[in-house]
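Working notes, structure below.
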2 protein chains.
Amino acid sequence: MSELKDAELDALLPSVDCLLVQLWPGRLDRARVARMARLSLVQSGLAGVNHVPFGALSAGVVVCSNAGGYSDEVAEFAWGLLLSAAKRIVRLDAAMRRKGFVRPPTPELGREVLVLKGRTLGVIGYGGIGRGVARIGRAFGMEVAALSRRPAGDGEVPGVTVLQGREGLERVLRDSDALVLAVPLTRSTRGMIGAAELSMMKRDSVLVNVARAEVVDEDAIYERLVANAGFCYATDVWWAGESGEETYSPRRPLLELGNFVGTPHASGPSAVAGRGPLRAAVENLLRYLRGEEVFNVVDRSEYA
Amino acid sequence: MSELKDAELDALLPSVDCLLVQLWPGRLDRARVARMARLSLVQSGLAGVNHVPFGALSAGVVVCSNAGGYSDEVAEFAWGLLLSAAKRIVRLDAAMRRKGFVRPPTPELGREVLVLKGRTLGVIGYGGIGRGVARIGRAFGMEVAALSRRPAGDGEVPGVTVLQGREGLERVLRDSDALVLAVPLTRSTRGMIGAAELSMMKRDSVLVNVARAEVVDEDAIYERLVANAGFCYATDVWWAGESGEETYSPRRPLLELGNFVGTPHASGPSAVAGRGPLRAAVENLLRYLRGEEVFNVVDRSEYA
C-alpha cells in the first residue's frame with residue numbers, strides 16, 4: 001500500500017473486501033476507512049490488534065489477530081529476558097566493561113543470582129506464547145502457574161497449574177519467583193499490573209514483559225524498581241509516546257537502573273524473518289475467502 | 001584453616017588424613033604438603049580440580065572432584081549466557097542505555113536475533129552440567145548433539161545424540177548453532193577450542209563457556225570475534241593471570257566487543273548459597289571415612 005499514490009489508494013477504497021495490515025497504516029484514517037463500504041475482514045500481521053482503530057470500523061467488520069504467529073520466537077525471547085535478569089548477566093557484563101574483572105564476594109553473588117530450579121514460574125496469558133514459556137519452565141525444574149481466560153482443557157503442558165480470575169491473578173503474583181506477561185492488550189489487561197499488584201510480588205522476583213508495555217503501569221513499575229533493588233523488570237515492549245508509537249520516556253528513567261533490562265521490541269522480527277507470521281496471516285485470509293471458518297477472531301468488545 | 005596461625009597449621013600437618021579444600025590454599029605450599037605424610041584423600045569443594053597441585057601430592061593420594069555439586073545452577077547460568085548472546089539482549093540493552101529507543105530495521109533485527117527452535121545445540125562435556133544443558137535444549141525444540149568421553153549409556157536425556165572422539169568433536173563444531181563447553185580442564189581439554197576448531201563453527205553461531213577459560217585459546221577466540229561480527233562468545237570463566245587467578249587481560253580486549261558477553265565467574269556462588277556443593281563434598285568425605293566407595297575420583301594422569 002505504501003507504493004500507492006493518494007489518488008490510487010482513494011480509487012481502490014470502495015472495492016476493498018479484506019485488509020491485511022502489519023501495523024495499521026497512518027494513511028488509513030477515519031475518512032478513508034469510512035469509504036471502504038465493502039470491508040468485512042481485517043487481518044492483523046502482528047500478533048496483537050491493539051493498533052487497529054476499532055472505533056472507525058463499522059460493527060460488522062470481523063477483526064482477526066495473528067495470535068500464535070510469533071509464539072515460538074517470542075517465548076524464546078521471554079526466556080532470554082528472564083535469564084538475563086535473573087542471572088544478573090546484563091548488569092555483570094556492564095560492570096566488567098567498566099571495571100574489568102571485579103568479582104563481588106561469593107555470598108553477595110550467591111544472593112544476587114536467582115536459582116530457578118524448584119522455584120515458581122508464573123505466566124499471565126496462556127495462549128501460544130504462554131504455553132511455550134511454561135513448557136520451557138518445566139524443563140528448568142520449575143513449578144508453573146498460569147493465568148488463563150479459560151479453564152484448563154486438552155493439550156495443556158503437563159504439570160502446569162491453570163488458574164482464572166482475580167483470585168488466580170493474585171495467587172500467581174504472590175507465588176512467582178519469575179513472572180512472564182503474555183496477554184493481549186485489551187480493555188481488561190490495560191494497567192492490570194499496577195502498584196497494588198506489584199506489592200503482592202516477592203521482593204526478589206523477576207517480571208518479564210513480552211506483551212505490551214501498557215499492561216504494566218509505568219509509574220508503579222518505576223517506583224517499585226527504585227524502592228526494591230532486588231526486584232527486576234525485563235521488557236521488550238515500551239509505552240506509546242504522543243505519536244502513538246513505542247518510545248522511551250526519560251520522565252521515568254528505567255534505563256538508568258541496574259535492576260532493569262530493556263530491548264527495543266526485538267522479539268518479533270526474528271519471527272518475521274522466518275516468514276511464519278506472514279504465512280499464518282495469509283492462510284487465515286485464504287480461509288475467509290474460501291468461506292471456511294477463520295481463526296483468531298477477536299471479541300471487539302474487549303477493545304476500545 | 002584460614003583461622004590457624006602458621007605454627008598451629010604446621011603442628012597439624014603430620015596428622016592430616018583427608019583434606020577438604022574449596023580452592024587450594026596458597027599456604028599449603030609444596031613444603032607443607034610434603035609434611036602431610038598420612039594424607040590419602042583430597043576432596044575438592046569446587047567442581048573442577050585444576051587448582052590442585054597434583055605434582056606435589058604423592059602417587060597414592062586420591063583426588064576427588066565435586067562434579068555434579070554445581071550442575072543445576074551452572075546449567076541454568078549457561079542458558080542465561082546462551083540466550084543473552086543469541087537474542088542480542090546485552091547488546092540491545094546497552095544500545096538503549098546509550099541512545100534511548102532506537103530500533104534497528106526489522107530485517108536487520110530479524111537476521112541478528114537467533115531463533116533456536118529446530119536449530120542444533122552442541123554440548124561438549126556430558127556430565128551433570130552438560131546433561132542439564134541438553135535437557136533444557138530439548139524443551140526449546142532443538143536438536144542436541146553431545147560430545148562425551150563415554151558412549152551413551154542408561155539415564156540419557158531422550159533425543160540427544162552422544163558422540164565421541166575427534167570425529168565427534170568436529171561434527172559437534174560443524175553442526176552447532178549454539179555450543180556449550182562443560183568439560184573439566186585437563187591435559188586433553190586445555191586449548192581444545194583453538195583456531196582450527198573455531199574455523200569449523202558456523203559463522204553466526206554462539207559459543208558459551210561455563211567450563212574453564214583455558215579450554216579456549218585466548219588469541220584464537222579474540223581473532224575469531226573481530227573477524228566475524230555475527231559470531232558470539234559468552235563466558236563466565238577467565239584465563240588465569242600471572243598470579244594464577246582468573247583475570248581480564250586488556251591485551252585481548254574482549255570487553256570492547258559487541259559480540260561478546262562476559263560475567264565474572266558468577267555461576268558457582270548461586271550453588272554455594274544453596275549449600276548443595278558443600279553437602280556433596282562432605283557426603284563424599286564421609287563415605288571415604290566409613291570405608292565406602294567414593295564418587296568423582298579423578299584420573300590423575302589427566303592432570304599435569
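The chains in the C-alpha cells are called A, B, ... from first to last as shown; in each chain the residues are counted from 1, and the ligands are counted from 1 in the order shown.
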Could you give me, as JSON lines, a per-residue list for chain B showing, wherever an atom lies at most 7 Å from an atom of chain A, the closest pair of atoms and their distance in Å to one decimal, using only C-alpha atoms and sorting by chain then residue number from low to high?
```
{"residue": "B:Glu73", "atom": "CA", "partner": "A:Val115", "partner_atom": "CA", "distance": 6.4}
{"residue": "B:Phe77", "atom": "CA", "partner": "A:Lys87", "partner_atom": "CA", "distance": 6.6}
{"residue": "B:Gly80", "atom": "CA", "partner": "A:Leu83", "partner_atom": "CA", "distance": 4.8}
{"residue": "B:Leu83", "atom": "CA", "partner": "A:Gly80", "partner_atom": "CA", "distance": 4.8}
{"residue": "B:Ser84", "atom": "CA", "partner": "A:Gly80", "partner_atom": "CA", "distance": 5.8}
{"residue": "B:Lys87", "atom": "CA", "partner": "A:Gly80", "partner_atom": "CA", "distance": 6.6}
{"residue": "B:Ile89", "atom": "CA", "partner": "A:Thr263", "partner_atom": "CA", "distance": 6.5}
{"residue": "B:Val90", "atom": "CA", "partner": "A:Val90", "partner_atom": "CA", "distance": 5.4}
{"residue": "B:Leu92", "atom": "CA", "partner": "A:Thr263", "partner_atom": "CA", "distance": 5.5}
{"residue": "B:Asp93", "atom": "CA", "partner": "A:Gly262", "partner_atom": "CA", "distance": 5.1}
{"residue": "B:Arg97", "atom": "CA", "partner": "A:Leu255", "partner_atom": "CA", "distance": 5.4}
{"residue": "B:Gly100", "atom": "CA", "partner": "A:Tyr248", "partner_atom": "CA", "distance": 6.0}
{"residue": "B:Phe101", "atom": "CA", "partner": "A:Tyr248", "partner_atom": "CA", "distance": 5.3}
{"residue": "B:Val102", "atom": "CA", "partner": "A:Pro264", "partner_atom": "CA", "distance": 6.9}
{"residue": "B:Arg103", "atom": "CA", "partner": "A:Pro264", "partner_atom": "CA", "distance": 5.5}
{"residue": "B:Thr106", "atom": "CA", "partner": "A:Pro269", "partner_atom": "CA", "distance": 5.3}
{"residue": "B:Pro107", "atom": "CA", "partner": "A:Ala273", "partner_atom": "CA", "distance": 6.6}
{"residue": "B:Leu109", "atom": "CA", "partner": "A:Pro269", "partner_atom": "CA", "distance": 5.8}
{"residue": "B:Gly110", "atom": "CA", "partner": "A:Ser270", "partner_atom": "CA", "distance": 4.0}
{"residue": "B:Arg111", "atom": "CA", "partner": "A:Ser270", "partner_atom": "CA", "distance": 6.7}
{"residue": "B:Val113", "atom": "CA", "partner": "A:Ser270", "partner_atom": "CA", "distance": 5.7}
{"residue": "B:Val115", "atom": "CA", "partner": "A:Glu73", "partner_atom": "CA", "distance": 6.4}
{"residue": "B:Arg135", "atom": "CA", "partner": "A:Ala139", "partner_atom": "CA", "distance": 6.8}
{"residue": "B:Ile136", "atom": "CA", "partner": "A:Ala139", "partner_atom": "CA", "distance": 5.4}
{"residue": "B:Ala139", "atom": "CA", "partner": "A:Ile136", "partner_atom": "CA", "distance": 5.4}
{"residue": "B:Phe140", "atom": "CA", "partner": "A:Ile136", "partner_atom": "CA", "distance": 6.5}
{"residue": "B:Thr247", "atom": "CA", "partner": "A:Phe101", "partner_atom": "CA", "distance": 5.5}
{"residue": "B:Tyr248", "atom": "CA", "partner": "A:Phe101", "partner_atom": "CA", "distance": 5.3}
{"residue": "B:Leu255", "atom": "CA", "partner": "A:Arg97", "partner_atom": "CA", "distance": 5.4}
{"residue": "B:Val261", "atom": "CA", "partner": "A:Asp93", "partner_atom": "CA", "distance": 6.3}
{"residue": "B:Gly262", "atom": "CA", "partner": "A:Asp93", "partner_atom": "CA", "distance": 5.1}
{"residue": "B:Thr263", "atom": "CA", "partner": "A:Asp93", "partner_atom": "CA", "distance": 5.3}
{"residue": "B:Pro264", "atom": "CA", "partner": "A:Arg103", "partner_atom": "CA", "distance": 5.5}
{"residue": "B:Ala266", "atom": "CA", "partner": "A:Leu109", "partner_atom": "CA", "distance": 6.5}
{"residue": "B:Pro269", "atom": "CA", "partner": "A:Gly110", "partner_atom": "CA", "distance": 4.3}
{"residue": "B:Ser270", "atom": "CA", "partner": "A:Gly110", "partner_atom": "CA", "distance": 3.9}
{"residue": "B:Val272", "atom": "CA", "partner": "A:Gly110", "partner_atom": "CA", "distance": 6.7}
{"residue": "B:Ala273", "atom": "CA", "partner": "A:Gly110", "partner_atom": "CA", "distance": 5.1}
```
Asp29 (chain B): which residues within 12 Å, counting only C-alpha atoms, same-chain residues fewer than 3 positions away excluded, as an mmCIF file with N, CA and C atoms, in the first residue's frame?
```
data_model
loop_
_atom_site.group_PDB
_atom_site.id
_atom_site.type_symbol
_atom_site.label_atom_id
_atom_site.label_comp_id
_atom_site.auth_asym_id
_atom_site.auth_seq_id
_atom_site.Cartn_x
_atom_site.Cartn_y
_atom_site.Cartn_z
ATOM 1 N N ASP B 10 51.270 -25.884 61.070
ATOM 2 C CA ASP B 10 52.410 -26.787 60.926
ATOM 3 C C ASP B 10 52.319 -27.964 61.887
ATOM 4 N N LEU B 13 49.864 -30.667 60.436
ATOM 5 C CA LEU B 13 50.113 -31.310 59.144
ATOM 6 C C LEU B 13 50.377 -32.811 59.226
ATOM 7 N N TRP B 24 42.361 -24.519 46.313
ATOM 8 C CA TRP B 24 43.582 -24.910 47.033
ATOM 9 C C TRP B 24 44.226 -23.677 47.677
ATOM 10 N N PRO B 25 44.487 -23.730 48.987
ATOM 11 C CA PRO B 25 45.025 -22.538 49.671
ATOM 12 C C PRO B 25 46.518 -22.347 49.399
ATOM 13 N N GLY B 26 46.881 -21.084 49.124
ATOM 14 C CA GLY B 26 48.272 -20.755 48.845
ATOM 15 C C GLY B 26 49.213 -21.175 49.971
ATOM 16 N N ARG B 32 54.799 -27.739 52.829
ATOM 17 C CA ARG B 32 53.785 -28.168 53.801
ATOM 18 C C ARG B 32 53.095 -29.458 53.338
ATOM 19 N N VAL B 33 52.869 -29.556 52.019
ATOM 20 C CA VAL B 33 52.235 -30.786 51.508
ATOM 21 C C VAL B 33 53.128 -31.990 51.827
ATOM 22 N N ALA B 34 54.444 -31.778 51.698
ATOM 23 C CA ALA B 34 55.382 -32.874 51.947
ATOM 24 C C ALA B 34 55.296 -33.361 53.393
ATOM 25 N N ARG B 35 54.886 -32.468 54.294
ATOM 26 C CA ARG B 35 54.830 -32.847 55.711
ATOM 27 C C ARG B 35 53.537 -33.589 56.065
ATOM 28 N N MET B 36 52.558 -33.624 55.094
ATOM 29 C CA MET B 36 51.313 -34.364 55.366
ATOM 30 C C MET B 36 51.511 -35.823 54.971
ATOM 31 N N VAL B 52 44.251 -28.017 42.078
ATOM 32 C CA VAL B 52 45.009 -28.904 42.977
ATOM 33 C C VAL B 52 46.433 -29.089 42.442
ATOM 34 N N PRO B 53 47.456 -28.955 43.307
ATOM 35 C CA PRO B 53 48.857 -29.113 42.853
ATOM 36 C C PRO B 53 49.241 -30.590 42.779
ATOM 37 N N PHE B 54 48.786 -31.243 41.701
ATOM 38 C CA PHE B 54 48.978 -32.694 41.587
ATOM 39 C C PHE B 54 50.438 -33.107 41.748
ATOM 40 N N GLY B 55 51.332 -32.275 41.204
ATOM 41 C CA GLY B 55 52.755 -32.633 41.242
ATOM 42 C C GLY B 55 53.308 -32.715 42.646
ATOM 43 N N ALA B 56 52.667 -32.033 43.595
ATOM 44 C CA ALA B 56 53.173 -32.022 44.961
ATOM 45 C C ALA B 56 52.627 -33.187 45.783
ATOM 46 N N LEU B 57 51.601 -33.860 45.266
ATOM 47 C CA LEU B 57 50.948 -34.935 46.028
ATOM 48 C C LEU B 57 51.595 -36.278 45.707
#
```
Long-range neighbours of Arg174 (chain A) as a short mmCIF file (atom, residue, chain, number, x, y, z; two decimals) with N, CA and C atoms, in the first residue's frame, 8 Å cut-off, only C-alpha atoms, 6 positions minimum in chain:
```cif
data_model
loop_
_atom_site.label_atom_id
_atom_site.label_comp_id
_atom_site.auth_asym_id
_atom_site.auth_seq_id
_atom_site.Cartn_x
_atom_site.Cartn_y
_atom_site.Cartn_z
N MET A 200 2.16 -7.21 45.70
CA MET A 200 1.92 -8.62 46.08
C MET A 200 3.07 -9.52 45.68
N MET A 201 3.93 -9.03 44.78
CA MET A 201 5.01 -9.89 44.27
C MET A 201 6.16 -9.99 45.28
N LYS A 202 6.92 -11.09 45.19
CA LYS A 202 8.08 -11.27 46.06
C LYS A 202 9.10 -10.17 45.80
#
```
Close residues, region 150-165 of chain B itself excluded, 8 Å, only C-alpha atoms, min 5 positions apart in chain, as number ranges by chain: B: 131, 134-135, 138, 143-145
Since we have the selection now, will you write its residues out, keeping N, CA and C atoms, as a JSON list (two decimals), in the first residue's frame?
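Done, and the output landed in part-v9.json:
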```
[["chain", "number", "residue", "atom", "x", "y", "z"],
["B", 131, "ARG", "N", 24.41, -32.57, 30.74],
["B", 131, "ARG", "CA", 23.09, -33.19, 30.65],
["B", 131, "ARG", "C", 21.99, -32.18, 30.98],
["B", 134, "ALA", "N", 21.55, -29.96, 28.02],
["B", 134, "ALA", "CA", 20.92, -30.70, 26.91],
["B", 134, "ALA", "C", 19.41, -30.84, 27.14],
["B", 135, "ARG", "N", 19.02, -31.13, 28.37],
["B", 135, "ARG", "CA", 17.60, -31.34, 28.69],
["B", 135, "ARG", "C", 16.81, -30.06, 28.38],
["B", 138, "ARG", "N", 16.32, -29.47, 24.63],
["B", 138, "ARG", "CA", 15.23, -30.24, 24.03],
["B", 138, "ARG", "C", 13.90, -29.51, 24.22],
["B", 143, "GLU", "N", 17.62, -29.71, 18.18],
["B", 143, "GLU", "CA", 18.38, -30.94, 18.05],
["B", 143, "GLU", "C", 19.57, -30.81, 18.98],
["B", 144, "VAL", "N", 19.95, -31.87, 19.68],
["B", 144, "VAL", "CA", 21.08, -31.78, 20.61],
["B", 144, "VAL", "C", 22.11, -32.85, 20.30],
["B", 145, "ALA", "N", 23.36, -32.42, 20.15],
["B", 145, "ALA", "CA", 24.48, -33.35, 19.95],
["B", 145, "ALA", "C", 25.50, -33.10, 21.05]]
```
Which residues are near Asn259 (chain B)? Cut-off 8 Å, only C-alpha atoms, ignore same chain within fewer than 3 positions. Put them as a short mmCIF file (atom, residue, chain, number, x, y, z; two decimals) with C-alpha atoms, in the first residue's frame.
```cif
data_model
loop_
_atom_site.label_atom_id
_atom_site.label_comp_id
_atom_site.auth_asym_id
_atom_site.auth_seq_id
_atom_site.Cartn_x
_atom_site.Cartn_y
_atom_site.Cartn_z
CA ALA B 85 24.08 -13.66 23.38
CA ARG B 91 23.98 -5.51 23.19
CA LEU B 225 35.24 -12.40 17.14
CA ALA B 229 30.66 -9.88 13.80
CA GLY B 230 27.88 -12.49 13.67
CA PHE B 231 29.74 -14.96 15.88
CA CYS B 232 29.30 -14.60 19.66
CA TYR B 233 31.36 -15.77 22.62
#
```
Test item, strand (DSSP E) assignment across region 30-262 of chain A, answer as a VMD selection string: chain A and resid 41 to 44 62 to 64 120 to 124 143 to 147 160 to 163 178 to 181 206 to 209 232 to 235 260 to 262
- request: Would you mind telling me which residue in B:Gly244, B:Gly194, B:Gly168, B:Gly69 lies nearest to Glu283 (chain B) when using only C-alpha atoms?
  value: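 Counting only C-alpha atoms, the residue closest to Glu283 (chain B) is B:Gly69.
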query: If you run DSSP on this backbone, which residues of region 36-277 of chain B come out as alpha helix (DSSP H), and could you give them as a PyMOL selection string?
result: chain B and resi 71-86+89-99+106-112+128-139+165-175+195-200+218-227+267-273+276-277
message: To one decimal place in Å, what is the distance between CA of Asp177 (chain B) and CA of Ser205 (chain B)?
response: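 Atom-to-atom, CA of Asp177 (chain B) to CA of Ser205 (chain B), that is 4.6 Å.
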With a distance cut-off of 6 Å and only C-alpha atoms, select the neighbouring residues of Val123 (chain B), excluding the residue or stretch itself and same-chain residues fewer than 2 positions from it, and output the selection as a compact mmCIF listing (two decimals) with C-alpha atoms, in the first residue's frame.
```txt
# COMPACT_ATOMS: atom_id res chain seq x y z
CA ALA B 146 26.77 -34.02 22.90
CA LEU B 179 27.62 -24.69 21.61
CA VAL B 180 28.18 -25.03 25.35
```
message: With only C-alpha atoms as the counted atoms, please give the residues lying no more than 8 Å from Gly68 (chain A), apart from itself and same-chain residues fewer than 5 positions off, as a ChimeraX atom specification.
response: /A:47,127-129
Serialized selection, C-alpha atoms, as a PDB file, in the first residue's frame:
```
ATOM      1  CA  ALA A  47       0.007 -10.902  16.947  1.00  0.00           C
ATOM      2  CA  GLY A 127      -2.033 -18.648  24.646  1.00  0.00           C
ATOM      3  CA  GLY A 128       0.720 -19.789  22.300  1.00  0.00           C
ATOM      4  CA  ILE A 129       3.443 -17.677  23.903  1.00  0.00           C
TER       5      ILE A 129
END
```
field: Counting only C-alpha atoms, the option among B:Asn296, B:Asn66, B:Ser176, B:Ser148 closest to Arg119 (chain B)
entry: B:Ser176
message: Using Å and a single decimal, report how far CA of Trp239 (chain A) sits from CA of Gln22 (chain A).
response: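 Answer for the CA of Gln22 (chain A) to CA of Trp239 (chain A) separation: 19.0 Å.
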query: Looking at only C-alpha atoms, which of B:Leu23, B:Leu286, B:Met1, B:Ala195 is the one that sits closest to Arg224 (chain B)?
result: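 For Arg224 (chain B), the nearest of the given residues is B:Ala195.
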